[in-house]
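Visitor: protein.cif is the file, holding mmCIF, C-alpha atoms and all ligand atoms:
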data_run
loop_
_atom_site.label_atom_id
_atom_site.label_comp_id
_atom_site.auth_asym_id
_atom_site.auth_seq_id
_atom_site.Cartn_x
_atom_site.Cartn_y
_atom_site.Cartn_z
CA MET A 1 -88.88 27.04 13.35
CA ALA A 2 -89.70 30.45 14.82
CA ASP A 3 -88.20 33.47 13.01
CA LYS A 4 -85.16 35.08 14.61
CA HIS A 5 -86.05 38.57 15.85
CA TYR A 6 -83.82 41.58 16.24
CA PRO A 7 -83.87 42.63 19.90
CA THR A 8 -85.87 45.84 20.39
CA PRO A 9 -85.57 46.95 24.05
CA MET A 10 -85.95 50.66 23.26
CA LEU A 11 -88.90 50.22 20.90
CA ASP A 12 -90.56 47.99 23.50
CA GLU A 13 -90.72 51.03 25.78
CA LEU A 14 -92.94 52.76 23.24
CA GLU A 15 -95.59 50.13 23.81
CA ASN A 16 -95.99 51.18 27.43
CA GLY A 17 -98.63 53.73 28.38
CA PRO A 18 -102.26 53.99 27.41
CA TRP A 19 -102.03 54.96 23.75
CA PRO A 20 -101.91 52.55 20.83
CA SER A 21 -98.36 52.11 19.60
CA PHE A 22 -97.15 51.82 16.02
CA VAL A 23 -94.52 49.41 17.36
CA SER A 24 -97.24 46.91 18.32
CA GLY A 25 -98.65 47.16 14.80
CA ILE A 26 -95.32 46.39 13.17
CA LYS A 27 -94.68 43.55 15.64
CA HIS A 28 -98.07 42.11 14.79
CA LEU A 29 -96.99 41.89 11.15
CA ARG A 30 -93.60 40.50 12.17
CA ASP A 31 -95.02 37.81 14.44
CA ASP A 32 -98.41 36.84 13.10
CA HIS A 33 -98.49 37.35 9.36
CA PRO A 34 -98.80 34.08 7.43
CA ASP A 35 -96.44 35.29 4.67
CA GLU A 36 -92.79 34.73 5.61
CA ARG A 37 -91.62 37.62 3.38
CA ILE A 38 -93.81 40.12 5.25
CA ARG A 39 -92.65 38.79 8.62
CA LYS A 40 -89.02 39.22 7.56
CA VAL A 41 -89.48 42.72 6.11
CA ASN A 42 -91.12 43.96 9.29
CA ASN A 43 -88.50 42.28 11.47
CA SER A 44 -85.81 44.04 9.47
CA LEU A 45 -87.64 47.36 9.76
CA LEU A 46 -87.84 47.03 13.55
CA GLY A 47 -84.13 46.15 13.64
CA GLN A 48 -83.18 49.29 11.74
CA LEU A 49 -85.48 51.45 13.82
CA GLU A 50 -83.99 50.15 17.06
CA HIS A 51 -80.54 50.84 15.64
CA SER A 52 -81.66 54.40 14.85
CA TYR A 53 -82.86 54.89 18.40
CA GLU A 54 -79.60 53.51 19.80
CA THR A 55 -77.40 55.71 17.64
CA ARG A 56 -79.80 58.69 17.45
CA LYS A 57 -79.49 58.85 13.70
CA GLY A 58 -81.85 58.31 10.81
CA TYR A 59 -80.63 55.94 8.11
CA TRP A 60 -83.12 56.49 5.31
CA LYS A 61 -81.92 58.38 2.30
CA GLY A 62 -83.97 59.56 -0.66
CA GLY A 63 -83.42 59.02 -4.36
CA THR A 64 -85.54 58.83 -7.46
CA VAL A 65 -88.23 56.22 -7.86
CA SER A 66 -91.32 56.59 -9.99
CA VAL A 67 -93.74 54.63 -12.08
CA PHE A 68 -94.01 55.02 -15.85
CA GLY A 69 -95.45 58.36 -16.92
CA TYR A 70 -95.40 59.89 -13.44
CA GLY A 71 -93.02 62.36 -11.85
CA GLY A 72 -94.21 62.13 -8.25
CA GLY A 73 -96.35 60.25 -5.78
CA ILE A 74 -93.60 58.04 -4.39
CA ILE A 75 -91.33 58.78 -1.46
CA PRO A 76 -88.13 56.83 -2.09
CA ARG A 77 -86.40 55.35 0.94
CA PHE A 78 -83.08 53.52 0.63
CA SER A 79 -81.42 52.24 3.76
CA GLU A 80 -77.87 53.27 4.58
CA VAL A 81 -77.56 50.21 6.82
CA GLY A 82 -79.03 47.79 4.30
CA ASP A 83 -76.23 45.26 4.84
CA ALA A 84 -77.20 44.88 8.48
CA PHE A 85 -80.97 44.91 7.79
CA PRO A 86 -81.26 43.56 4.25
CA GLU A 87 -84.99 42.82 4.00
CA SER A 88 -85.92 46.48 4.38
CA ARG A 89 -83.02 47.77 2.26
CA GLU A 90 -85.51 49.44 -0.11
CA PHE A 91 -88.57 50.73 1.69
CA HIS A 92 -90.40 53.18 -0.54
CA THR A 93 -93.76 54.74 0.28
CA LEU A 94 -96.53 55.15 -2.26
CA ARG A 95 -99.00 57.97 -1.77
CA VAL A 96 -102.40 57.00 -3.08
CA GLN A 97 -105.23 59.51 -3.36
CA PRO A 98 -108.15 58.83 -1.04
CA SER A 99 -111.75 58.98 -2.13
CA PRO A 100 -113.45 62.32 -1.29
CA ALA A 101 -114.12 62.47 2.46
CA ASN A 102 -112.41 59.10 2.87
CA TYR A 103 -115.45 56.96 2.22
CA TYR A 104 -114.53 53.39 1.30
CA THR A 105 -116.36 50.15 0.99
CA THR A 106 -114.90 47.39 3.13
CA ASP A 107 -114.61 45.34 -0.02
CA MET A 108 -112.38 48.00 -1.58
CA MET A 109 -110.23 48.25 1.55
CA ARG A 110 -109.70 44.50 1.52
CA LYS A 111 -108.72 44.65 -2.11
CA LEU A 112 -106.16 47.38 -1.43
CA ALA A 113 -104.82 45.46 1.56
CA ASP A 114 -104.50 42.27 -0.49
CA SER A 115 -102.59 44.07 -3.23
CA TRP A 116 -100.27 45.63 -0.69
CA GLU A 117 -99.59 42.32 1.02
CA LYS A 118 -98.74 40.90 -2.38
CA TRP A 119 -96.31 43.66 -3.38
CA GLY A 120 -95.36 45.49 -0.19
CA SER A 121 -94.74 45.22 3.54
CA GLY A 122 -98.39 45.13 4.64
CA LEU A 123 -97.92 48.44 6.51
CA GLN A 124 -100.46 51.14 5.66
CA THR A 125 -101.52 54.45 7.11
CA PHE A 126 -105.05 55.73 6.68
CA HIS A 127 -104.30 58.57 6.21
CA GLY A 128 -100.98 60.40 6.28
CA GLN A 129 -100.63 64.11 7.03
CA THR A 130 -100.94 64.79 3.33
CA GLY A 131 -104.34 63.13 3.21
CA ASN A 132 -103.08 60.24 1.11
CA ILE A 133 -103.33 56.58 1.92
CA MET A 134 -99.71 55.75 2.67
CA PHE A 135 -98.52 52.35 1.54
CA ILE A 136 -95.27 52.11 3.43
CA GLY A 137 -92.41 49.85 2.42
CA THR A 138 -91.73 48.22 -0.91
CA THR A 139 -88.87 47.68 -3.35
CA THR A 140 -88.26 49.72 -6.47
CA GLU A 141 -89.39 46.86 -8.67
CA ASN A 142 -92.59 46.13 -6.78
CA THR A 143 -93.56 49.81 -6.81
CA GLN A 144 -94.56 49.49 -10.44
CA HIS A 145 -96.36 46.16 -9.92
CA PHE A 146 -98.40 47.52 -7.02
CA PHE A 147 -99.28 50.70 -8.87
CA ASP A 148 -100.34 48.78 -12.00
CA GLU A 149 -102.57 46.52 -9.97
CA ILE A 150 -104.43 49.18 -7.98
CA ASN A 151 -104.61 51.52 -10.97
CA GLU A 152 -106.38 48.75 -12.83
CA TYR A 153 -109.23 48.85 -10.33
CA GLY A 154 -109.43 52.61 -10.08
CA TRP A 155 -106.80 54.15 -7.78
CA ASP A 156 -104.23 56.77 -8.59
CA LEU A 157 -101.09 58.15 -7.00
CA GLY A 158 -101.20 61.39 -5.02
CA GLY A 159 -98.91 64.39 -5.19
CA ALA A 160 -95.39 64.71 -3.81
CA GLY A 161 -92.96 67.55 -4.48
CA PRO A 162 -93.68 70.94 -6.08
CA CYS A 163 -97.06 70.14 -7.59
CA VAL A 164 -100.78 70.22 -6.93
CA ARG A 165 -101.13 67.94 -3.94
CA THR A 166 -103.75 65.43 -2.99
CA ALA A 167 -106.98 67.22 -2.07
CA MET A 168 -109.09 66.59 1.02
CA SER A 169 -112.71 67.11 1.94
CA CYS A 170 -114.58 66.69 5.21
CA VAL A 171 -117.11 63.95 5.97
CA GLY A 172 -119.77 66.29 4.66
CA ALA A 173 -123.47 66.22 4.04
CA ALA A 174 -123.67 62.44 4.17
CA ARG A 175 -123.10 62.48 7.92
CA CYS A 176 -123.08 66.09 9.16
CA GLU A 177 -126.10 68.33 9.66
CA MET A 178 -123.97 71.49 9.50
CA SER A 179 -122.93 70.90 5.90
CA CYS A 180 -123.67 73.85 3.63
CA THR A 181 -122.38 72.53 0.31
CA ASN A 182 -121.66 69.40 -1.65
CA GLU A 183 -118.06 69.05 -0.52
CA HIS A 184 -117.36 65.93 -2.50
CA ALA A 185 -118.59 67.35 -5.77
CA ALA A 186 -116.24 70.34 -5.36
CA HIS A 187 -113.36 68.09 -4.31
CA ARG A 188 -113.84 65.74 -7.23
CA ARG A 189 -114.03 68.47 -9.84
CA LEU A 190 -110.91 70.20 -8.57
CA VAL A 191 -108.93 66.97 -8.42
CA ASN A 192 -110.03 65.76 -11.83
CA ASN A 193 -109.13 69.04 -13.44
CA PHE A 194 -105.62 69.15 -11.99
CA THR A 195 -104.61 65.52 -12.41
CA ASP A 196 -101.71 66.45 -14.69
CA ASP A 197 -100.40 68.96 -12.17
CA VAL A 198 -100.56 66.32 -9.45
CA HIS A 199 -98.45 63.83 -11.35
CA ARG A 200 -95.89 66.11 -12.95
CA PRO A 201 -94.26 68.44 -10.44
CA ALA A 202 -93.62 71.71 -12.30
CA LEU A 203 -94.78 74.43 -9.89
CA PRO A 204 -92.79 76.70 -7.55
CA TYR A 205 -93.86 74.58 -4.58
CA LYS A 206 -96.81 72.57 -3.29
CA PHE A 207 -100.41 73.71 -3.84
CA LYS A 208 -103.25 72.21 -1.82
CA PHE A 209 -107.02 72.16 -2.16
CA LYS A 210 -109.20 71.39 0.83
CA VAL A 211 -112.97 71.52 1.09
CA SER A 212 -114.94 71.88 4.34
CA GLY A 213 -118.71 71.89 4.44
CA CYS A 214 -119.17 74.54 7.14
CA PRO A 215 -117.13 77.12 9.07
CA ASN A 216 -116.22 74.48 11.67
CA ASP A 217 -113.71 73.63 8.95
CA CYS A 218 -113.04 70.02 9.91
CA GLN A 219 -110.39 69.88 7.17
CA ASN A 220 -108.45 72.80 8.70
CA SER A 221 -108.56 74.13 5.17
CA ILE A 222 -108.08 77.72 6.28
CA GLU A 223 -104.69 76.95 7.73
CA ARG A 224 -103.54 73.98 5.70
CA SER A 225 -104.52 74.68 2.13
CA ASP A 226 -103.60 77.23 -0.48
CA PHE A 227 -107.13 77.06 -1.88
CA ALA A 228 -109.79 76.54 0.79
CA VAL A 229 -113.46 76.06 -0.06
CA ILE A 230 -115.63 76.43 3.05
CA GLY A 231 -119.40 76.07 3.15
CA THR A 232 -121.45 78.87 4.72
CA TRP A 233 -124.85 80.56 4.54
CA ARG A 234 -125.89 84.18 4.01
CA ASP A 235 -129.49 84.35 5.25
CA ASP A 236 -130.60 84.00 8.86
CA MET A 237 -129.64 80.96 10.88
CA LYS A 238 -132.57 78.73 11.76
CA VAL A 239 -133.70 78.83 15.37
CA ASP A 240 -136.03 76.23 16.86
CA GLN A 241 -137.39 78.14 19.86
CA ASP A 242 -138.97 75.04 21.40
CA GLU A 243 -135.57 73.34 21.42
CA ILE A 244 -134.03 76.49 22.94
CA LYS A 245 -136.60 76.39 25.75
CA ALA A 246 -136.01 72.67 26.27
CA TYR A 247 -132.27 73.32 26.48
CA VAL A 248 -132.78 76.15 28.98
CA ALA A 249 -135.06 73.91 31.05
CA LYS A 250 -132.39 71.23 31.08
CA LYS A 251 -129.29 73.35 31.67
CA GLY A 252 -130.59 76.54 33.31
CA ARG A 253 -130.42 80.16 32.12
CA GLN A 254 -127.08 80.84 33.72
CA TYR A 255 -125.47 77.97 31.84
CA ILE A 256 -126.72 79.33 28.50
CA ILE A 257 -125.54 82.83 29.38
CA ASP A 258 -122.11 81.61 30.49
CA ASN A 259 -121.55 79.10 27.70
CA VAL A 260 -123.38 80.41 24.70
CA THR A 261 -124.46 84.04 24.62
CA THR A 262 -121.42 85.60 26.31
CA ARG A 263 -119.09 83.47 24.21
CA CYS A 264 -120.46 84.81 20.95
CA PRO A 265 -117.51 86.83 19.60
CA THR A 266 -119.78 89.56 18.23
CA GLN A 267 -122.39 89.64 21.01
CA ALA A 268 -125.03 88.67 18.47
CA LEU A 269 -127.11 86.53 20.82
CA THR A 270 -129.70 87.51 23.43
CA LEU A 271 -131.44 85.10 25.75
CA ASN A 272 -134.86 86.64 26.32
CA ASP A 273 -136.91 86.60 29.52
CA ASP A 274 -139.25 83.99 28.07
CA ASP A 275 -136.29 81.65 27.38
CA THR A 276 -136.31 82.24 23.64
CA LEU A 277 -133.20 83.30 21.75
CA THR A 278 -132.80 86.32 19.49
CA VAL A 279 -130.01 86.27 16.91
CA ASP A 280 -128.64 89.46 15.41
CA ASN A 281 -127.86 87.74 12.11
CA HIS A 282 -126.29 90.80 10.59
CA ASN A 283 -123.52 90.71 13.15
CA CYS A 284 -123.05 86.95 13.28
CA VAL A 285 -119.64 86.05 11.85
CA ARG A 286 -120.45 82.34 11.40
CA CYS A 287 -117.97 81.23 14.05
CA MET A 288 -120.24 78.19 14.65
CA HIS A 289 -119.90 78.29 18.46
CA CYS A 290 -123.60 78.57 19.29
CA LEU A 291 -124.60 76.02 16.63
CA ASN A 292 -122.12 73.55 18.04
CA VAL A 293 -123.32 73.96 21.63
CA MET A 294 -127.02 73.75 20.72
CA PRO A 295 -127.10 71.63 17.57
CA LYS A 296 -130.75 70.67 17.98
CA ALA A 297 -131.90 74.27 18.32
CA LEU A 298 -129.70 76.12 15.82
CA HIS A 299 -128.98 75.32 12.20
CA PRO A 300 -127.40 77.06 9.22
CA GLY A 301 -129.84 79.04 7.07
CA ASP A 302 -131.26 77.98 3.72
CA ASP A 303 -129.30 80.27 1.40
CA LYS A 304 -126.13 78.17 1.34
CA GLY A 305 -122.91 78.53 -0.62
CA VAL A 306 -119.17 78.69 -0.09
CA THR A 307 -116.43 81.10 0.85
CA ILE A 308 -113.08 80.73 -0.94
CA LEU A 309 -109.87 81.56 0.88
CA ILE A 310 -106.42 81.66 -0.63
CA GLY A 311 -102.97 81.36 0.84
CA GLY A 312 -103.16 79.23 3.98
CA LYS A 313 -100.12 77.17 4.98
CA ARG A 314 -98.29 75.88 8.00
CA THR A 315 -94.96 77.12 9.40
CA LEU A 316 -91.66 77.16 7.49
CA LYS A 317 -90.18 80.40 6.25
CA ILE A 318 -92.55 83.24 7.22
CA GLY A 319 -94.59 81.21 9.73
CA ASP A 320 -98.21 80.11 9.74
CA LEU A 321 -100.56 81.86 7.35
CA MET A 322 -104.32 81.65 7.46
CA GLY A 323 -106.19 81.89 4.19
CA THR A 324 -107.51 85.26 3.07
CA VAL A 325 -111.12 85.56 1.93
CA VAL A 326 -111.00 86.17 -1.80
CA VAL A 327 -114.55 85.11 -2.64
CA PRO A 328 -116.80 86.01 0.32
CA PHE A 329 -119.86 84.09 -0.89
CA LYS A 330 -120.59 82.00 -3.90
CA LYS A 331 -123.41 79.64 -4.75
CA LEU A 332 -122.15 76.20 -5.71
CA GLU A 333 -125.05 74.39 -7.27
CA THR A 334 -124.96 74.28 -11.05
CA GLU A 335 -122.34 72.85 -13.35
CA GLU A 336 -121.38 76.43 -14.29
CA ASP A 337 -120.78 77.25 -10.61
CA TYR A 338 -118.39 74.34 -10.28
CA GLU A 339 -116.69 75.22 -13.54
CA SER A 340 -116.16 78.77 -12.36
CA ILE A 341 -114.24 77.70 -9.22
CA VAL A 342 -112.12 75.37 -11.32
CA GLU A 343 -111.38 78.28 -13.70
CA MET A 344 -110.53 80.50 -10.76
CA ALA A 345 -108.14 77.85 -9.42
CA GLU A 346 -106.49 77.63 -12.85
CA GLU A 347 -106.09 81.39 -12.93
CA ILE A 348 -104.50 81.43 -9.48
CA ILE A 349 -102.14 78.53 -10.16
CA ASP A 350 -101.04 80.07 -13.47
CA PHE A 351 -100.39 83.43 -11.85
CA TRP A 352 -98.47 81.88 -8.96
CA ALA A 353 -96.49 79.60 -11.32
CA GLU A 354 -95.36 82.69 -13.21
CA ASN A 355 -94.73 84.97 -10.25
CA GLY A 356 -93.87 82.74 -7.31
CA LEU A 357 -90.25 82.23 -6.33
CA GLU A 358 -88.83 78.77 -6.04
CA HIS A 359 -90.07 77.13 -2.84
CA GLU A 360 -92.58 79.92 -2.23
CA ARG A 361 -96.15 79.00 -1.33
CA CYS A 362 -98.99 80.98 -2.85
CA GLY A 363 -99.71 82.74 0.48
CA GLU A 364 -96.08 83.74 0.82
CA MET A 365 -96.15 85.21 -2.66
CA ILE A 366 -99.26 87.23 -1.75
CA GLU A 367 -97.43 88.54 1.34
CA ARG A 368 -94.48 89.55 -0.83
CA ILE A 369 -96.30 91.20 -3.73
CA GLY A 370 -99.33 92.49 -1.80
CA LEU A 371 -102.95 91.37 -1.89
CA VAL A 372 -104.03 94.13 -4.26
CA ASN A 373 -101.51 93.07 -6.89
CA PHE A 374 -102.52 89.47 -6.47
CA LEU A 375 -106.21 90.28 -6.95
CA GLU A 376 -105.40 92.34 -9.99
CA GLY A 377 -103.28 89.47 -11.34
CA ILE A 378 -106.15 86.98 -11.07
CA ASP A 379 -108.69 89.55 -12.26
CA ILE A 380 -110.90 89.73 -9.18
CA ASP A 381 -112.31 93.05 -7.97
CA VAL A 382 -111.66 94.16 -4.43
CA ASP A 383 -114.66 93.66 -2.17
CA PRO A 384 -115.01 95.01 1.39
CA ASN A 385 -116.10 91.54 2.50
CA MET A 386 -112.66 90.14 1.76
CA VAL A 387 -111.36 89.54 5.26
CA SER A 388 -107.60 89.26 5.34
CA SER A 389 -107.39 87.22 8.56
CA PRO A 390 -110.74 85.64 9.37
CA ARG A 391 -109.04 83.29 11.82
CA GLN A 392 -105.79 84.02 13.59
CA CYS A 393 -104.68 81.28 15.93
CA SER A 394 -103.95 77.80 14.71
CA TYR A 395 -103.38 76.39 18.16
CA VAL A 396 -105.86 74.52 20.29
CA ARG A 397 -105.80 74.70 24.08
CA MET A 398 -105.20 71.22 25.34
CA ASP A 399 -105.38 71.70 29.10
CA GLY A 400 -107.75 69.13 30.54
CA TRP A 401 -107.38 66.73 27.60
CA ASP A 402 -105.33 64.20 29.58
CA GLU A 403 -107.93 64.13 32.35
CA GLU A 404 -110.67 63.57 29.76
CA ALA A 405 -108.62 60.77 28.22
CA GLU A 406 -108.28 59.14 31.65
CA LYS A 407 -112.05 59.24 32.05
CA TRP A 408 -112.43 57.62 28.64
CA PHE A 409 -110.08 54.79 29.56
CA GLU A 410 -111.92 54.28 32.86
CA ARG A 411 -115.22 54.04 31.01
CA GLN A 412 -113.73 51.52 28.59
CA SER A 413 -112.41 49.30 31.38
CA GLU A 414 -115.76 49.55 33.22
CA LYS A 415 -117.50 48.45 30.04
CA ALA A 416 -115.03 45.61 29.54
CA SER A 417 -115.51 44.31 33.08
CA ALA A 418 -119.33 44.71 33.01
FE1 LIG B 501 -122.27 84.41 17.49
FE2 LIG B 501 -120.77 82.55 16.32
FE3 LIG B 501 -123.33 82.00 16.91
FE4 LIG B 501 -122.75 83.72 14.96
S1 LIG B 501 -122.25 81.51 14.98
S2 LIG B 501 -124.27 84.01 16.60
S3 LIG B 501 -120.90 84.71 15.74
S4 LIG B 501 -121.66 82.40 18.38
#
How does this structure look as structure tokens?

Guide:
Amino acid sequence: MADKHYPTPMLDELENGPWPSFVSGIKHLRDDHPDERIRKVNNSLLGQLEHSYETRKGYWKGGTVSVFGYGGGIIPRFSEVGDAFPESREFHTLRVQPSPANYYTTDMMRKLADSWEKWGSGLQTFHGQTGNIMFIGTTTENTQHFFDEINEYGWDLGGAGPCVRTAMSCVGAARCEMSCTNEHAAHRRLVNNFTDDVHRPALPYKFKFKVSGCPNDCQNSIERSDFAVIGTWRDDMKVDQDEIKAYVAKKGRQYIIDNVTTRCPTQALTLNDDDTLTVDNHNCVRCMHCLNVMPKALHPGDDKGVTILIGGKRTLKIGDLMGTVVVPFKKLETEEDYESIVEMAEEIIDFWAENGLEHERCGEMIERIGLVNFLEGIDIDVDPNMVSSPRQCSYVRMDGWDEEAEKWFERQSEKASA
């Protein structure tokens, strides 16, 4: 006999329109999953969600749920309307740390999915805002079973609460020609060193590490992490003049002038009469614009390293803060190099743990006590290359995006009908 479904007229509306809907995903589990328990849990979840939409109230409340030896990593969710929707009465989320740059084997993903179908609702998010894999929806009892099982084959919980949070790194050198450092090596060393601080929340507030391989900063580390490691170079960028000429021949001089040279924020580019390009490397601020427009012709230089920025964070209290350059350039090649950034991170976290107020991010503390005092506290000398606000706006102009999306959908339907 078919399962009885809660009616979901309001949620059904969210399936209209061109974008994929989370409602369809949950319905798929409700309708098609071979395991009756998973079908029922997801049916119950949809019922509660519809009820929330009808009454304009959220019915999840928190609590305390953890696995043995850990103080964080689980977001407890108990339903206040559990009598009406009993199968999702307890619906906790486990945050599990991703691999650096989110590389997985399909075999490993299947294993994780199998474990979650055994102990949870089958619902997963790759990845949540925090960077973790979010395993959404299980009971208090099954939380421990699921954790034990995945921990056995190598996975660990991420951070939640006032602690060192799950770190993130960009896709990196394995797939990106702009990469200037070994992002994953830095990520791994930082995470391994601070494992205790991830699992036992004892800091004033959250502390995040993010690693990006170049100033394009695909991890948004400058604005979303307290400790940002960003790859860069300090010699001259590499220019392939033949590729520049080919690009000029294809696009025309005016296009290059309008879209590349005049958009350089420091006017460091000159398109010469013979269609070659001169770069005033001394004035280039590594904004990456020209390299992104002409990726065949322009590449980062050979003398690569990283810049370390401290204090980025989003909104709340004093508003968005972009990281401040505290280490303008540092080679990251030898074991000692890696050790030295780990030591620096320890120094910063210790200083902030002692001096930060409750619920105060590291960047907010720096604002309050002053950058000079902070630098003195972590024993770093002031350097004129420390830029306090290397980037200022965290917003992206989105005009024209809908039109581009329309074009994409048209192309997809043309392909499908071809
Ligand atoms: Fe100018 Fe940016 Fe290119 Fe440097 S990277 S030359 S600042 S556009």

Visitor: May I have the residues within 7 Å of ligand LIG 501 (chain B), computed using all atoms listed in the file, as a list in words?

Guide: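 Counting all atoms listed in the file, the residues within 7 Å of ligand LIG 501 (chain B) come out as Val260, Arg263, Cys264, Pro265, Thr266, Gln267, Ala268, Leu269, Val279, Asn281, Cys284, Val285, Arg286, Cys287, Met288, His289, Cys290 and Leu291 of chain A.
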
Visitor: Tell me, in Å to one decimal, how far atom CA of Lys251 of chain A is from atom CA of Glu414 of chain A.

Guide: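 These atoms are spaced 27.4 Å apart.
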
Visitor: By how many Å are atom CA of Val293 of chain A and atom CA of Ala249 of chain A apart?

Guide: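 Separating atom CA of Val293 of chain A from atom CA of Ala249 of chain A is a distance of 15.1 Å.
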
Visitor: By how many Å are atom CA of Arg189 of chain A and atom CA of Ala113 of chain A apart?

Guide: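 Atom CA of Ala113 of chain A lies 27.3 Å from atom CA of Arg189 of chain A.
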
Visitor: For the point (-101.2, 49.6, -2.7) in file coordinates, what residues are within 6 Å, counting only C-alpha atoms? Give the answer as a list of chain:residue names?

Guide: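 Nearby residues: A:Leu112, A:Ser115, A:Trp116, A:Phe135, A:Phe146.
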
Visitor: So which one's closest to Asp196 of chain A, A:Ile244, A:Gly71, A:Asp217, A:Gly356? Using all atoms listed in the file, please.

Guide: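 When distances to Asp196 of chain A are compared using all atoms listed in the file, the smallest one comes from A:Gly71.
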
Visitor: List the neighbours of Leu309 of chain A out to 12 Å using all atoms listed in the file; skip same-chain residues closer than 5 positions along the sequence, and give me the result as a VMD selection string.

Guide: chain A and resid 208 to 212 215 217 220 to 231 321 to 330 341 344 to 345 348 362 to 363 385 to 391

Visitor: Can I get the selection written as a compact mmCIF listing (two decimals), in the coordinates of the input, with C-alpha atoms?

Guide:
# COMPACT_ATOMS: atom_id res chain seq x y z
CA LYS A 208 -103.25 72.21 -1.82
CA PHE A 209 -107.02 72.16 -2.16
CA LYS A 210 -109.20 71.39 0.83
CA VAL A 211 -112.97 71.52 1.09
CA SER A 212 -114.94 71.88 4.34
CA PRO A 215 -117.13 77.12 9.07
CA ASP A 217 -113.71 73.63 8.95
CA ASN A 220 -108.45 72.80 8.70
CA SER A 221 -108.56 74.13 5.17
CA ILE A 222 -108.08 77.72 6.28
CA GLU A 223 -104.69 76.95 7.73
CA ARG A 224 -103.54 73.98 5.70
CA SER A 225 -104.52 74.68 2.13
CA ASP A 226 -103.60 77.23 -0.48
CA PHE A 227 -107.13 77.06 -1.88
CA ALA A 228 -109.79 76.54 0.79
CA VAL A 229 -113.46 76.06 -0.06
CA ILE A 230 -115.63 76.43 3.05
CA GLY A 231 -119.40 76.07 3.15
CA LEU A 321 -100.56 81.86 7.35
CA MET A 322 -104.32 81.65 7.46
CA GLY A 323 -106.19 81.89 4.19
CA THR A 324 -107.51 85.26 3.07
CA VAL A 325 -111.12 85.56 1.93
CA VAL A 326 -111.00 86.17 -1.80
CA VAL A 327 -114.55 85.11 -2.64
CA PRO A 328 -116.80 86.01 0.32
CA PHE A 329 -119.86 84.09 -0.89
CA LYS A 330 -120.59 82.00 -3.90
CA ILE A 341 -114.24 77.70 -9.22
CA MET A 344 -110.53 80.50 -10.76
CA ALA A 345 -108.14 77.85 -9.42
CA ILE A 348 -104.50 81.43 -9.48
CA CYS A 362 -98.99 80.98 -2.85
CA GLY A 363 -99.71 82.74 0.48
CA ASN A 385 -116.10 91.54 2.50
CA MET A 386 -112.66 90.14 1.76
CA VAL A 387 -111.36 89.54 5.26
CA SER A 388 -107.60 89.26 5.34
CA SER A 389 -107.39 87.22 8.56
CA PRO A 390 -110.74 85.64 9.37
CA ARG A 391 -109.04 83.29 11.82

Visitor: Would you pick out the contacts of His28 of chain A at 9 Å or less, using all atoms listed in the file, so that residues sharing its chain but fewer than 5 positions from it are not included, and give the list as a PyMOL selection string?

Guide: chain A and resi 23+33+39

Visitor: My list of candidates is A:Phe126, A:Tyr338, A:Tyr247, A:Tyr103. Which is closest to Pro295 of chain A when distances are computed with all atoms listed in the file?

Guide: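 Checking each candidate against Pro295 of chain A, we get A:Tyr247 as the closest.
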
Visitor: With a distance cut-off of 12 Å and all atoms listed in the file, select the neighbouring residues of Leu14 of chain A, excluding the residue or stretch itself and same-chain residues fewer than 3 positions from it, and output the selection as a PyMOL selection string.

Guide: chain A and resi 8-11+17-25+50+53

Visitor: Restricting the calculation to only C-alpha atoms: of A:His145, A:Lys317, A:Lys61, A:Arg95, which residue gets closest to Trp119 of chain A?

Guide: A:His145

Visitor: Between A:Asp197, A:Asp337, A:Asp148, A:Asp12, which has the minimum distance to Ala160 of chain A (counting only C-alpha atoms)?

Guide: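 Distance minimum relative to Ala160 of chain A lands on A:Asp197.
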
Visitor: Would you mind listing what lies within 12 Å of Lys57 of chain A as a VMD selection string, with only C-alpha atoms counted and same-chain residues fewer than 5 positions away left out?

Guide: chain A and resid 48 to 52 80 to 81

Visitor: Which centre and which edge lengths, in Å to one decimal, describe the axis-aligned box that holds all listed atoms of segment 174-192 of chain A after 4 Å is added on each side, as JSON?

Guide:
{"center_x": -117.5, "center_y": 68.1, "center_z": -1.1, "size_x": 25.2, "size_y": 19.4, "size_z": 29.5}

Visitor: Considering only C-alpha atoms, can you say which of A:Thr64, A:Asn259, A:Thr93, A:Ser169 comes closest to Ala185 of chain A?

Guide: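 The closest residue to Ala185 of chain A is A:Ser169.
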
Visitor: In terms of the shortest atom-to-atom distance over only C-alpha atoms, which of A:Tyr104, A:Ser99, A:Glu117, A:Asp236 is closest to Pro34 of chain A?

Guide: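 Of A:Tyr104, A:Ser99, A:Glu117, A:Asp236, the one nearest Pro34 of chain A is A:Glu117, counting only C-alpha atoms.
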